[in-house]
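> Please see the structure below; I have some questions.
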Amino acid sequence: MSTSDSADFTGSDGFAPLGDGFADPADPGNRPARLAVGVVGTGRVGPALGAALQLAGHRVVAASGVSTASRRRADALLPGVRIVTPPQVLAAADLVLLTVPDDALADLVAGLASTGAVRPGQLVVHTSGAHGVAVLEPATRAGALPLALHPAMTFTGTSVDLARLAGCPFGVTAPEELRPVAEALVVEMGGEPEWVPEGVRPLYHTALAHGANHLVTLVAQALELLRTAGVAEPGRLLGPLLGAALDNSLRSGDAALTGPVARGDAGTVRRHLAQLSTVSPDIPAAYRAMARATAQRALANGTIDEASAAALLDVLNEESN
């Protein structure tokens, strides 16, 4: 793909070329041309990003959604926008947001390309964290300009998401000549671009999912245990502790570890497991798995010695039998 391809969607108010590339996307004078935007998939992400682009001066002209909930989200965040089929979205748009589940993306792109819906010079953007631009290859062969822009944030599908986009990191993958364009679009949505090479895109997404998704499960389990213990407002009790732990761990990594594993208190861990076995059928396994991982990291970090780690692992193995 050449930079001449990129010129297909710029106008007099678009990027000013700098030799073999584009001007700095952070410069307010180098904004992309005003684009007709289409959204394929009106789940939680698509309408929010479409609304953000609209606030930046672009125009959302069409969207596709199947379920009643998705159509309601489109009505709320993109009022007045036509709900049509995916091929009709592509026919109307210069920039197409493909905001569908990861596992549905490849088939969607292949299907749209096979029907001739993709136009040369059209920006085709997906928001999947798990994929780079290779998944867009059928569209690229049809002349599309492929971008992968993944907002590293959880979405509610409401107007709250627009405020959360301010400063939100986006994992950006694109052909090198389109990198300034991708970064500029992210900046226009209020985000901060973070370049992610194609080959490490799956690892990037694994890291985010492991951290964010499993954190939700961990917090939900802790809330459940506190309710069982009779705490009327478990979130109020847990919130400050978890907030401090998250902040400390982001700053200091393994060095932020506190609690019985960090102290090598195998007896306390044994008592924890005894309590868990009386109140929950599934939480003990999660506790053991996390405690093992924590003990191993604490040993590697020098927080505990080998004897303490061995004692902890003995207790965890004993309780799992």
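In the structure tokens, the first chain shown is A, the next is B, and so on; residue numbers restart at 1 for each chain, and ligands run from 1 in the order shown.
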Please extract the residues of stretch 185-225 of chain A with a backbone DSSP assignment of strand (DSSP E) and present them as a PyMOL selection string.
chain A and resi 192-195
> Take the residues that were just selected and, keeping N, CA, C and O atoms, output them as a PDB file, in the first residue's frame.

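Final output, result32.pdb:
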```pdb
ATOM      1  N   GLU A 192      -5.324   8.085  23.396  1.00  0.00           N
ATOM      2  CA  GLU A 192      -3.878   8.190  23.268  1.00  0.00           C
ATOM      3  C   GLU A 192      -3.369   6.933  22.551  1.00  0.00           C
ATOM      4  O   GLU A 192      -3.528   5.826  23.059  1.00  0.00           O
ATOM      5  N   PRO A 193      -2.770   7.088  21.368  1.00  0.00           N
ATOM      6  CA  PRO A 193      -2.340   5.919  20.606  1.00  0.00           C
ATOM      7  C   PRO A 193      -1.116   5.240  21.206  1.00  0.00           C
ATOM      8  O   PRO A 193      -0.170   5.897  21.628  1.00  0.00           O
ATOM      9  N   GLU A 194      -1.155   3.918  21.234  1.00  0.00           N
ATOM     10  CA  GLU A 194      -0.030   3.086  21.659  1.00  0.00           C
ATOM     11  C   GLU A 194       0.237   2.095  20.533  1.00  0.00           C
ATOM     12  O   GLU A 194      -0.606   1.250  20.231  1.00  0.00           O
ATOM     13  N   TRP A 195       1.399   2.194  19.896  1.00  0.00           N
ATOM     14  CA  TRP A 195       1.699   1.360  18.745  1.00  0.00           C
ATOM     15  C   TRP A 195       1.921  -0.079  19.180  1.00  0.00           C
ATOM     16  O   TRP A 195       2.706  -0.355  20.081  1.00  0.00           O
TER      17      TRP A 195
END
```
> Excluding same-chain residues fewer than 5 positions from A:Met189, what lies within 8 Å of it counting only C-alpha atoms, as a list of chain:residue names?
A:Leu49, A:Ala52, A:Leu53, A:Ala56, A:Leu165, A:Ala166
> Can you build me a table of stretch 170-235 of chain A residues sitting at most 10 Å from stretch 280-303 of chain A, with the closest atom pair per residue and its distance in Å to one decimal, using only C-alpha atoms, sorted by chain and residue number, as a Markdown table?

```
| residue | atom | partner | partner_atom | distance |
| --- | --- | --- | --- | --- |
| A:Thr217 | CA | A:Ala286 | CA | 9.7 |
| A:Leu218 | CA | A:Ala286 | CA | 8.4 |
| A:Gln221 | CA | A:Ile283 | CA | 6.9 |
| A:Ala222 | CA | A:Ile283 | CA | 9.2 |
| A:Glu224 | CA | A:Ser280 | CA | 9.3 |
| A:Leu225 | CA | A:Ser280 | CA | 8.4 |
| A:Thr228 | CA | A:Ser280 | CA | 9.7 |
```
> Could you please take those selected residues and save N, CA and C atoms as a short mmCIF file (atom, residue, chain, number, x, y, z; two decimals), in the first residue's frame?

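Result file follows (result_28.cif):
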```
data_model
loop_
_atom_site.label_atom_id
_atom_site.label_comp_id
_atom_site.auth_asym_id
_atom_site.auth_seq_id
_atom_site.Cartn_x
_atom_site.Cartn_y
_atom_site.Cartn_z
N THR A 217 -13.70 -10.92 38.05
CA THR A 217 -14.06 -12.16 38.75
C THR A 217 -13.51 -12.16 40.17
N LEU A 218 -12.27 -11.75 40.33
CA LEU A 218 -11.65 -11.72 41.66
C LEU A 218 -12.40 -10.79 42.60
N GLN A 221 -15.77 -12.25 43.63
CA GLN A 221 -15.63 -13.29 44.64
C GLN A 221 -15.38 -12.68 46.01
N ALA A 222 -14.56 -11.66 46.09
CA ALA A 222 -14.29 -11.01 47.36
C ALA A 222 -15.56 -10.36 47.92
N GLU A 224 -18.62 -11.35 47.33
CA GLU A 224 -19.48 -12.46 47.77
C GLU A 224 -19.09 -12.95 49.16
N LEU A 225 -17.78 -13.08 49.40
CA LEU A 225 -17.32 -13.54 50.72
C LEU A 225 -17.64 -12.53 51.81
N THR A 228 -21.25 -12.80 52.72
CA THR A 228 -21.44 -14.00 53.55
C THR A 228 -20.98 -13.74 54.98
#
```
> Using only C-alpha atoms, which of the listed residues (A:Asn213, A:Leu237, A:Gly80, A:Gly264) sits closest to A:Glu306?
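For A:Glu306, the nearest of the candidates is A:Gly264.
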> Mind checking which residues fall within 7 Å of A:Val269, counting only C-alpha atoms, ignoring those fewer than 4 positions away in the same chain, and posting them as an MDAnalysis selection string?
chainID A and resid 260 265 273
